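> I'm passing along work.json; it holds JSON, C-alpha atoms.
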```
[["chain", "number", "residue", "atom", "x", "y", "z"],
["S", 280, "MET", "CA", 7.34, 20.72, -11.65],
["S", 281, "GLY", "CA", 9.85, 19.44, -9.09],
["S", 282, "THR", "CA", 7.30, 16.96, -7.77],
["S", 283, "PHE", "CA", 7.12, 15.17, -11.10],
["S", 284, "VAL", "CA", 10.90, 14.85, -11.22],
["S", 285, "HIS", "CA", 10.88, 13.14, -7.82],
["S", 286, "LEU", "CA", 8.02, 10.73, -8.51],
["S", 287, "GLY", "CA", 10.23, 8.33, -10.48],
["S", 288, "PRO", "CA", 12.76, 7.74, -7.70],
["S", 289, "ILE", "CA", 9.99, 7.66, -5.10],
["S", 290, "SER", "CA", 8.10, 5.02, -7.04],
["S", 291, "ASP", "CA", 11.30, 3.03, -7.58],
["S", 292, "ARG", "CA", 12.01, 3.05, -3.85],
["S", 293, "PHE", "CA", 8.52, 2.49, -2.43],
["S", 294, "GLY", "CA", 6.75, 0.85, -5.34],
["S", 295, "ARG", "CA", 4.55, 2.15, -8.12],
["S", 296, "THR", "CA", 1.33, 1.20, -6.37],
["S", 297, "LYS", "CA", 2.15, 3.17, -3.22],
["S", 298, "ALA", "CA", 3.33, 6.18, -5.22],
["S", 299, "LEU", "CA", 0.14, 6.10, -7.30],
["S", 300, "ALA", "CA", -1.95, 5.87, -4.14],
["S", 301, "ALA", "CA", -0.05, 8.85, -2.72],
["S", 302, "THR", "CA", -0.84, 10.99, -5.77],
["S", 303, "ILE", "CA", -4.52, 10.08, -5.50],
["S", 304, "LEU", "CA", -4.40, 10.93, -1.81],
["S", 305, "VAL", "CA", -2.84, 14.35, -2.57],
["S", 306, "TYR", "CA", -5.58, 15.06, -5.11],
["S", 307, "ALA", "CA", -8.38, 13.94, -2.80],
["S", 308, "VAL", "CA", -7.16, 15.75, 0.32],
["S", 309, "PHE", "CA", -6.53, 19.10, -1.36],
["S", 310, "THR", "CA", -9.73, 18.98, -3.40],
["S", 311, "GLY", "CA", -11.69, 18.25, -0.23],
["S", 312, "ALA", "CA", -9.81, 21.00, 1.60],
["S", 313, "ALA", "CA", -10.99, 23.47, -1.05],
["S", 314, "ALA", "CA", -14.44, 23.23, 0.52],
["S", 315, "PHE", "CA", -13.07, 25.02, 3.59],
["S", 316, "SER", "CA", -11.37, 27.87, 1.72],
["S", 317, "THR", "CA", -12.20, 31.30, 3.03],
["S", 318, "ASP", "CA", -11.04, 33.41, 0.10],
["S", 319, "ILE", "CA", -10.10, 33.08, -3.56],
["S", 320, "TRP", "CA", -6.36, 32.78, -2.83],
["S", 321, "MET", "CA", -6.83, 29.85, -0.47],
["S", 322, "LEU", "CA", -9.06, 28.17, -3.04],
["S", 323, "ALA", "CA", -6.41, 28.76, -5.73],
["S", 324, "ILE", "CA", -3.67, 27.23, -3.55],
["S", 325, "PHE", "CA", -5.77, 24.15, -2.76],
["S", 326, "ARG", "CA", -6.66, 23.70, -6.43],
["S", 327, "PHE", "CA", -3.01, 24.11, -7.45],
["S", 328, "LEU", "CA", -1.93, 21.43, -4.97],
["S", 329, "ALA", "CA", -4.75, 19.16, -6.13],
["S", 330, "GLY", "CA", -3.54, 19.70, -9.68],
["S", 331, "ILE", "CA", -0.10, 18.44, -8.69],
["S", 332, "GLY", "CA", -1.78, 15.26, -7.46],
["S", 333, "VAL", "CA", -3.74, 14.89, -10.69],
["S", 334, "GLY", "CA", -0.63, 15.44, -12.81],
["S", 335, "GLY", "CA", 1.31, 12.90, -10.81],
["S", 336, "GLU", "CA", -1.53, 10.40, -11.01],
["S", 337, "TRP", "CA", -1.88, 10.81, -14.75],
["S", 338, "ALA", "CA", 1.81, 10.14, -15.35],
["S", 339, "MET", "CA", 2.00, 7.31, -12.81],
["S", 340, "ALA", "CA", -1.15, 5.58, -14.06],
["S", 341, "GLY", "CA", 0.16, 5.38, -17.61],
["S", 342, "THR", "CA", 3.42, 3.89, -16.40],
["S", 343, "TYR", "CA", 1.59, 1.48, -14.12],
["S", 344, "VAL", "CA", -0.68, 0.25, -16.92],
["S", 345, "SER", "CA", 2.25, -0.28, -19.27],
["S", 346, "GLU", "CA", 4.18, -2.24, -16.64],
["S", 347, "ALA", "CA", 1.42, -4.22, -14.95],
["S", 348, "TRP", "CA", -0.80, -5.26, -17.86],
["S", 349, "PRO", "CA", 0.25, -8.08, -20.20],
["S", 350, "GLU", "CA", 1.66, -6.87, -23.49],
["S", 351, "ASP", "CA", -1.27, -8.08, -25.57],
["S", 352, "ARG", "CA", -3.77, -6.17, -23.37],
["S", 353, "ARG", "CA", -1.89, -2.88, -22.85],
["S", 354, "LYS", "CA", -3.79, -1.09, -25.59],
["S", 355, "MET", "CA", -7.05, -1.98, -23.91],
["S", 356, "GLY", "CA", -5.67, -0.81, -20.54],
["S", 357, "ALA", "CA", -4.59, 2.49, -22.04],
["S", 358, "GLY", "CA", -8.05, 2.85, -23.55],
["S", 359, "TYR", "CA", -9.66, 2.29, -20.14],
["S", 360, "LEU", "CA", -7.29, 4.83, -18.63],
["S", 361, "GLN", "CA", -8.17, 7.46, -21.25],
["S", 362, "THR", "CA", -11.93, 6.86, -21.05],
["S", 363, "GLY", "CA", -11.84, 7.12, -17.26],
["S", 364, "TYR", "CA", -11.73, 10.88, -17.67],
["S", 365, "TYR", "CA", -15.05, 10.91, -19.50],
["S", 366, "PHE", "CA", -16.63, 8.52, -17.03],
["S", 367, "GLY", "CA", -15.56, 10.88, -14.24],
["S", 368, "PHE", "CA", -17.02, 13.81, -16.15],
["S", 369, "PHE", "CA", -20.45, 12.15, -16.17],
["S", 370, "VAL", "CA", -20.18, 11.15, -12.49],
["S", 371, "ALA", "CA", -19.32, 14.77, -11.63],
["S", 372, "ALA", "CA", -22.29, 16.01, -13.67],
["S", 373, "ALA", "CA", -24.62, 13.59, -11.86],
["S", 374, "LEU", "CA", -23.22, 14.69, -8.48],
["S", 375, "ASN", "CA", -23.67, 18.33, -9.43],
["S", 376, "PHE", "CA", -27.27, 17.63, -10.40],
["S", 377, "THR", "CA", -27.97, 15.99, -7.02],
["S", 378, "VAL", "CA", -25.46, 17.14, -4.41],
["S", 379, "GLY", "CA", -24.36, 20.45, -5.93],
["S", 380, "ALA", "CA", -27.88, 21.67, -6.64],
["S", 381, "THR", "CA", -28.99, 20.84, -3.11],
["S", 382, "PHE", "CA", -25.96, 21.66, -0.93],
["S", 383, "GLY", "CA", -23.81, 23.98, -3.06],
["S", 384, "TRP", "CA", -20.29, 24.06, -4.44],
["S", 385, "ARG", "CA", -18.55, 23.32, -1.13],
["S", 386, "ALA", "CA", -20.31, 19.98, -0.88],
["S", 387, "MET", "CA", -19.06, 19.12, -4.36],
["S", 388, "PHE", "CA", -15.48, 19.58, -3.20],
["S", 389, "LEU", "CA", -16.21, 17.40, -0.16],
["S", 390, "CYS", "CA", -17.29, 14.58, -2.50],
["S", 391, "ALA", "CA", -13.66, 14.35, -3.61],
["S", 392, "TRP", "CA", -12.62, 13.22, -0.13],
["S", 393, "SER", "CA", -14.06, 9.75, -0.71],
["S", 394, "PRO", "CA", -10.82, 8.30, -2.18],
["S", 395, "SER", "CA", -8.80, 9.58, 0.78],
["S", 396, "SER", "CA", -11.21, 8.12, 3.34],
["S", 397, "SER", "CA", -11.25, 4.73, 1.63],
["S", 398, "ARG", "CA", -7.44, 4.75, 1.36],
["S", 399, "SER", "CA", -6.98, 5.52, 5.05],
["S", 400, "ARG", "CA", -9.06, 2.50, 6.03],
["S", 401, "ARG", "CA", -6.79, 0.16, 4.05],
["S", 402, "CYS", "CA", -3.51, 1.40, 5.53]]
```
Spell out the structure here as structure tokens.

Amino acid sequence: MGTFVHLGPISDRFGRTKALAATILVYAVFTGAAAFSTDIWMLAIFRFLAGIGVGGEWAMAGTYVSEAWPEDRRKMGAGYLQTGYYFGFFVAAALNFTVGATFGWRAMFLCAWSPSSSRSRRC
């Protein structure tokens, strides 16, 4: 809960785009790290930390859309933001059908590292 309180001042100081990228990085790194968990408690900790990244991203993305998009297109931007969840659901189902069925659940967690690897190349 304390992380969400600090995201506002962090985004004010460093910019909304960098703070949003940081929340996506937190989600991607800890979801990918879940593939290397050795017991249920380690998996739970990694998933909890990934959830903090998701929660921060969800709050930051809504703020970013409302600030960055023109006023007459904000409703459409919010609609894209909300439907992104369902698009991701179908992508995850397709990955589970191909990657998960072939390589197992650990490989599915490794698929979440793709945002962190693409972010590190841009920095």
> What is the distance between atom CA of S:Asn375 and atom CA of S:Ser393, in Å to one decimal?
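Going from atom CA of S:Asn375 over to atom CA of S:Ser393, I get 15.6 Å.
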> At what distance in Å, to one decimal, does atom CA of S:Ala307 lie from atom CA of S:Val370?
15.5 Å
> Please provide as a ChimeraX atom specification all residues within 10 Å of S:Ala314, with the sequence filter that same-chain residues fewer than 3 positions apart are discarded (counting all atoms listed in the file).
/S:309-311,317,322,325,384-391
> Which residue is closest to S:Met339? Choose from S:Gly294, S:Gly358, S:Gly379, S:Gly367 and count only C-alpha atoms.
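Among the listed residues, S:Gly294 lies closest to S:Met339.
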> Of the candidates S:Ala338, S:Ala357, S:Ala312, S:Ala329, which shows the shortest atom-to-atom distance to S:Leu286, using all atoms listed in the file?
S:Ala338
> Under the rule that all atoms listed in the file are counted, which of S:Tyr306, S:Tyr364, S:Tyr359, S:Trp348 is the nearest residue to S:Gly335?
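Answer, going by the shortest atom-to-atom distance: S:Tyr306.
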> Under the rule that all atoms listed in the file are counted, which of S:Gly330, S:Pro288, S:Thr296, S:Trp320 is the nearest residue to S:Ala347?
S:Thr296
> I'd like the box whose edges run along x, y and z of the file and which contains every listed atom of stretch 380-394 of chain S, padded by 8 Å per side; could you state its centre and edge lengths in Å, one decimal, as lines of an AutoDock Vina configuration file?

```
center_x = -19.9
center_y = 16.2
center_z = -3.4
size_x = 34.2
size_y = 31.8
size_z = 22.5
```
> What does the structure give for the distance between atom CA of S:Lys354 and atom CA of S:Trp337, in Å to one decimal?
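For atom CA of S:Lys354 relative to atom CA of S:Trp337, the distance reads 16.2 Å.
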> Hey, which of S:Val333, S:Leu360, S:Ala372, S:Ile289 ends up closest to S:Ile303? Count all atoms listed in the file.
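Comparing S:Val333, S:Leu360, S:Ala372, S:Ile289 against S:Ile303, the winner is S:Val333.
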> Please, could N, CA and C atoms be added to stretch 285-308 of chain S and the result written as an mmCIF file, keeping the file's coordinate frame?

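rebuild39.cif was written with the following content:
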```
data_model
loop_
_atom_site.group_PDB
_atom_site.id
_atom_site.type_symbol
_atom_site.label_atom_id
_atom_site.label_comp_id
_atom_site.auth_asym_id
_atom_site.auth_seq_id
_atom_site.Cartn_x
_atom_site.Cartn_y
_atom_site.Cartn_z
ATOM 1 N N HIS S 285 10.614 14.028 -8.950
ATOM 2 C CA HIS S 285 10.880 13.140 -7.820
ATOM 3 C C HIS S 285 9.969 11.925 -7.775
ATOM 4 N N LEU S 286 8.929 11.875 -8.566
ATOM 5 C CA LEU S 286 8.020 10.730 -8.510
ATOM 6 C C LEU S 286 8.669 9.442 -9.004
ATOM 7 N N GLY S 287 9.550 9.530 -9.978
ATOM 8 C CA GLY S 287 10.230 8.330 -10.480
ATOM 9 C C GLY S 287 11.060 7.649 -9.413
ATOM 10 N N PRO S 288 11.989 8.372 -8.768
ATOM 11 C CA PRO S 288 12.760 7.740 -7.700
ATOM 12 C C PRO S 288 11.919 7.302 -6.512
ATOM 13 N N ILE S 289 10.876 8.059 -6.201
ATOM 14 C CA ILE S 289 9.990 7.660 -5.100
ATOM 15 C C ILE S 289 9.284 6.361 -5.432
ATOM 16 N N SER S 290 8.788 6.247 -6.650
ATOM 17 C CA SER S 290 8.100 5.020 -7.040
ATOM 18 C C SER S 290 9.064 3.846 -7.163
ATOM 19 N N ASP S 291 10.306 4.106 -7.535
ATOM 20 C CA ASP S 291 11.300 3.030 -7.580
ATOM 21 C C ASP S 291 11.633 2.530 -6.174
ATOM 22 N N ARG S 292 11.652 3.433 -5.223
ATOM 23 C CA ARG S 292 12.010 3.050 -3.850
ATOM 24 C C ARG S 292 10.861 2.394 -3.097
ATOM 25 N N PHE S 293 9.652 2.960 -3.216
ATOM 26 C CA PHE S 293 8.520 2.490 -2.430
ATOM 27 C C PHE S 293 7.520 1.651 -3.213
ATOM 28 N N GLY S 294 7.672 1.611 -4.510
ATOM 29 C CA GLY S 294 6.750 0.850 -5.340
ATOM 30 C C GLY S 294 5.791 1.747 -6.084
ATOM 31 N N ARG S 295 5.435 1.340 -7.285
ATOM 32 C CA ARG S 295 4.550 2.150 -8.120
ATOM 33 C C ARG S 295 3.146 2.254 -7.528
ATOM 34 N N THR S 296 2.681 1.186 -6.921
ATOM 35 C CA THR S 296 1.330 1.200 -6.370
ATOM 36 C C THR S 296 1.214 2.204 -5.227
ATOM 37 N N LYS S 297 2.192 2.225 -4.344
ATOM 38 C CA LYS S 297 2.150 3.170 -3.220
ATOM 39 C C LYS S 297 2.310 4.610 -3.698
ATOM 40 N N ALA S 298 3.161 4.830 -4.683
ATOM 41 C CA ALA S 298 3.330 6.180 -5.220
ATOM 42 C C ALA S 298 2.059 6.652 -5.925
ATOM 43 N N LEU S 299 1.410 5.753 -6.649
ATOM 44 C CA LEU S 299 0.140 6.100 -7.300
ATOM 45 C C LEU S 299 -0.928 6.409 -6.262
ATOM 46 N N ALA S 300 -0.987 5.604 -5.211
ATOM 47 C CA ALA S 300 -1.950 5.870 -4.140
ATOM 48 C C ALA S 300 -1.667 7.203 -3.462
ATOM 49 N N ALA S 301 -0.395 7.567 -3.333
ATOM 50 C CA ALA S 301 -0.050 8.850 -2.720
ATOM 51 C C ALA S 301 -0.507 10.018 -3.583
ATOM 52 N N THR S 302 -0.382 9.902 -4.906
ATOM 53 C CA THR S 302 -0.840 10.990 -5.770
ATOM 54 C C THR S 302 -2.356 11.141 -5.712
ATOM 55 N N ILE S 303 -3.061 10.020 -5.632
ATOM 56 C CA ILE S 303 -4.520 10.080 -5.500
ATOM 57 C C ILE S 303 -4.904 10.699 -4.160
ATOM 58 N N LEU S 304 -4.153 10.357 -3.124
ATOM 59 C CA LEU S 304 -4.400 10.930 -1.810
ATOM 60 C C LEU S 304 -4.174 12.444 -1.815
ATOM 61 N N VAL S 305 -3.107 12.905 -2.472
ATOM 62 C CA VAL S 305 -2.840 14.350 -2.570
ATOM 63 C C VAL S 305 -3.989 15.042 -3.281
ATOM 64 N N TYR S 306 -4.448 14.457 -4.381
ATOM 65 C CA TYR S 306 -5.580 15.060 -5.110
ATOM 66 C C TYR S 306 -6.821 15.117 -4.221
ATOM 67 N N ALA S 307 -7.145 14.006 -3.575
ATOM 68 C CA ALA S 307 -8.380 13.940 -2.800
ATOM 69 C C ALA S 307 -8.349 14.877 -1.591
ATOM 70 N N VAL S 308 -7.246 14.916 -0.886
ATOM 71 C CA VAL S 308 -7.160 15.750 0.320
ATOM 72 C C VAL S 308 -7.259 17.235 -0.034
#
```
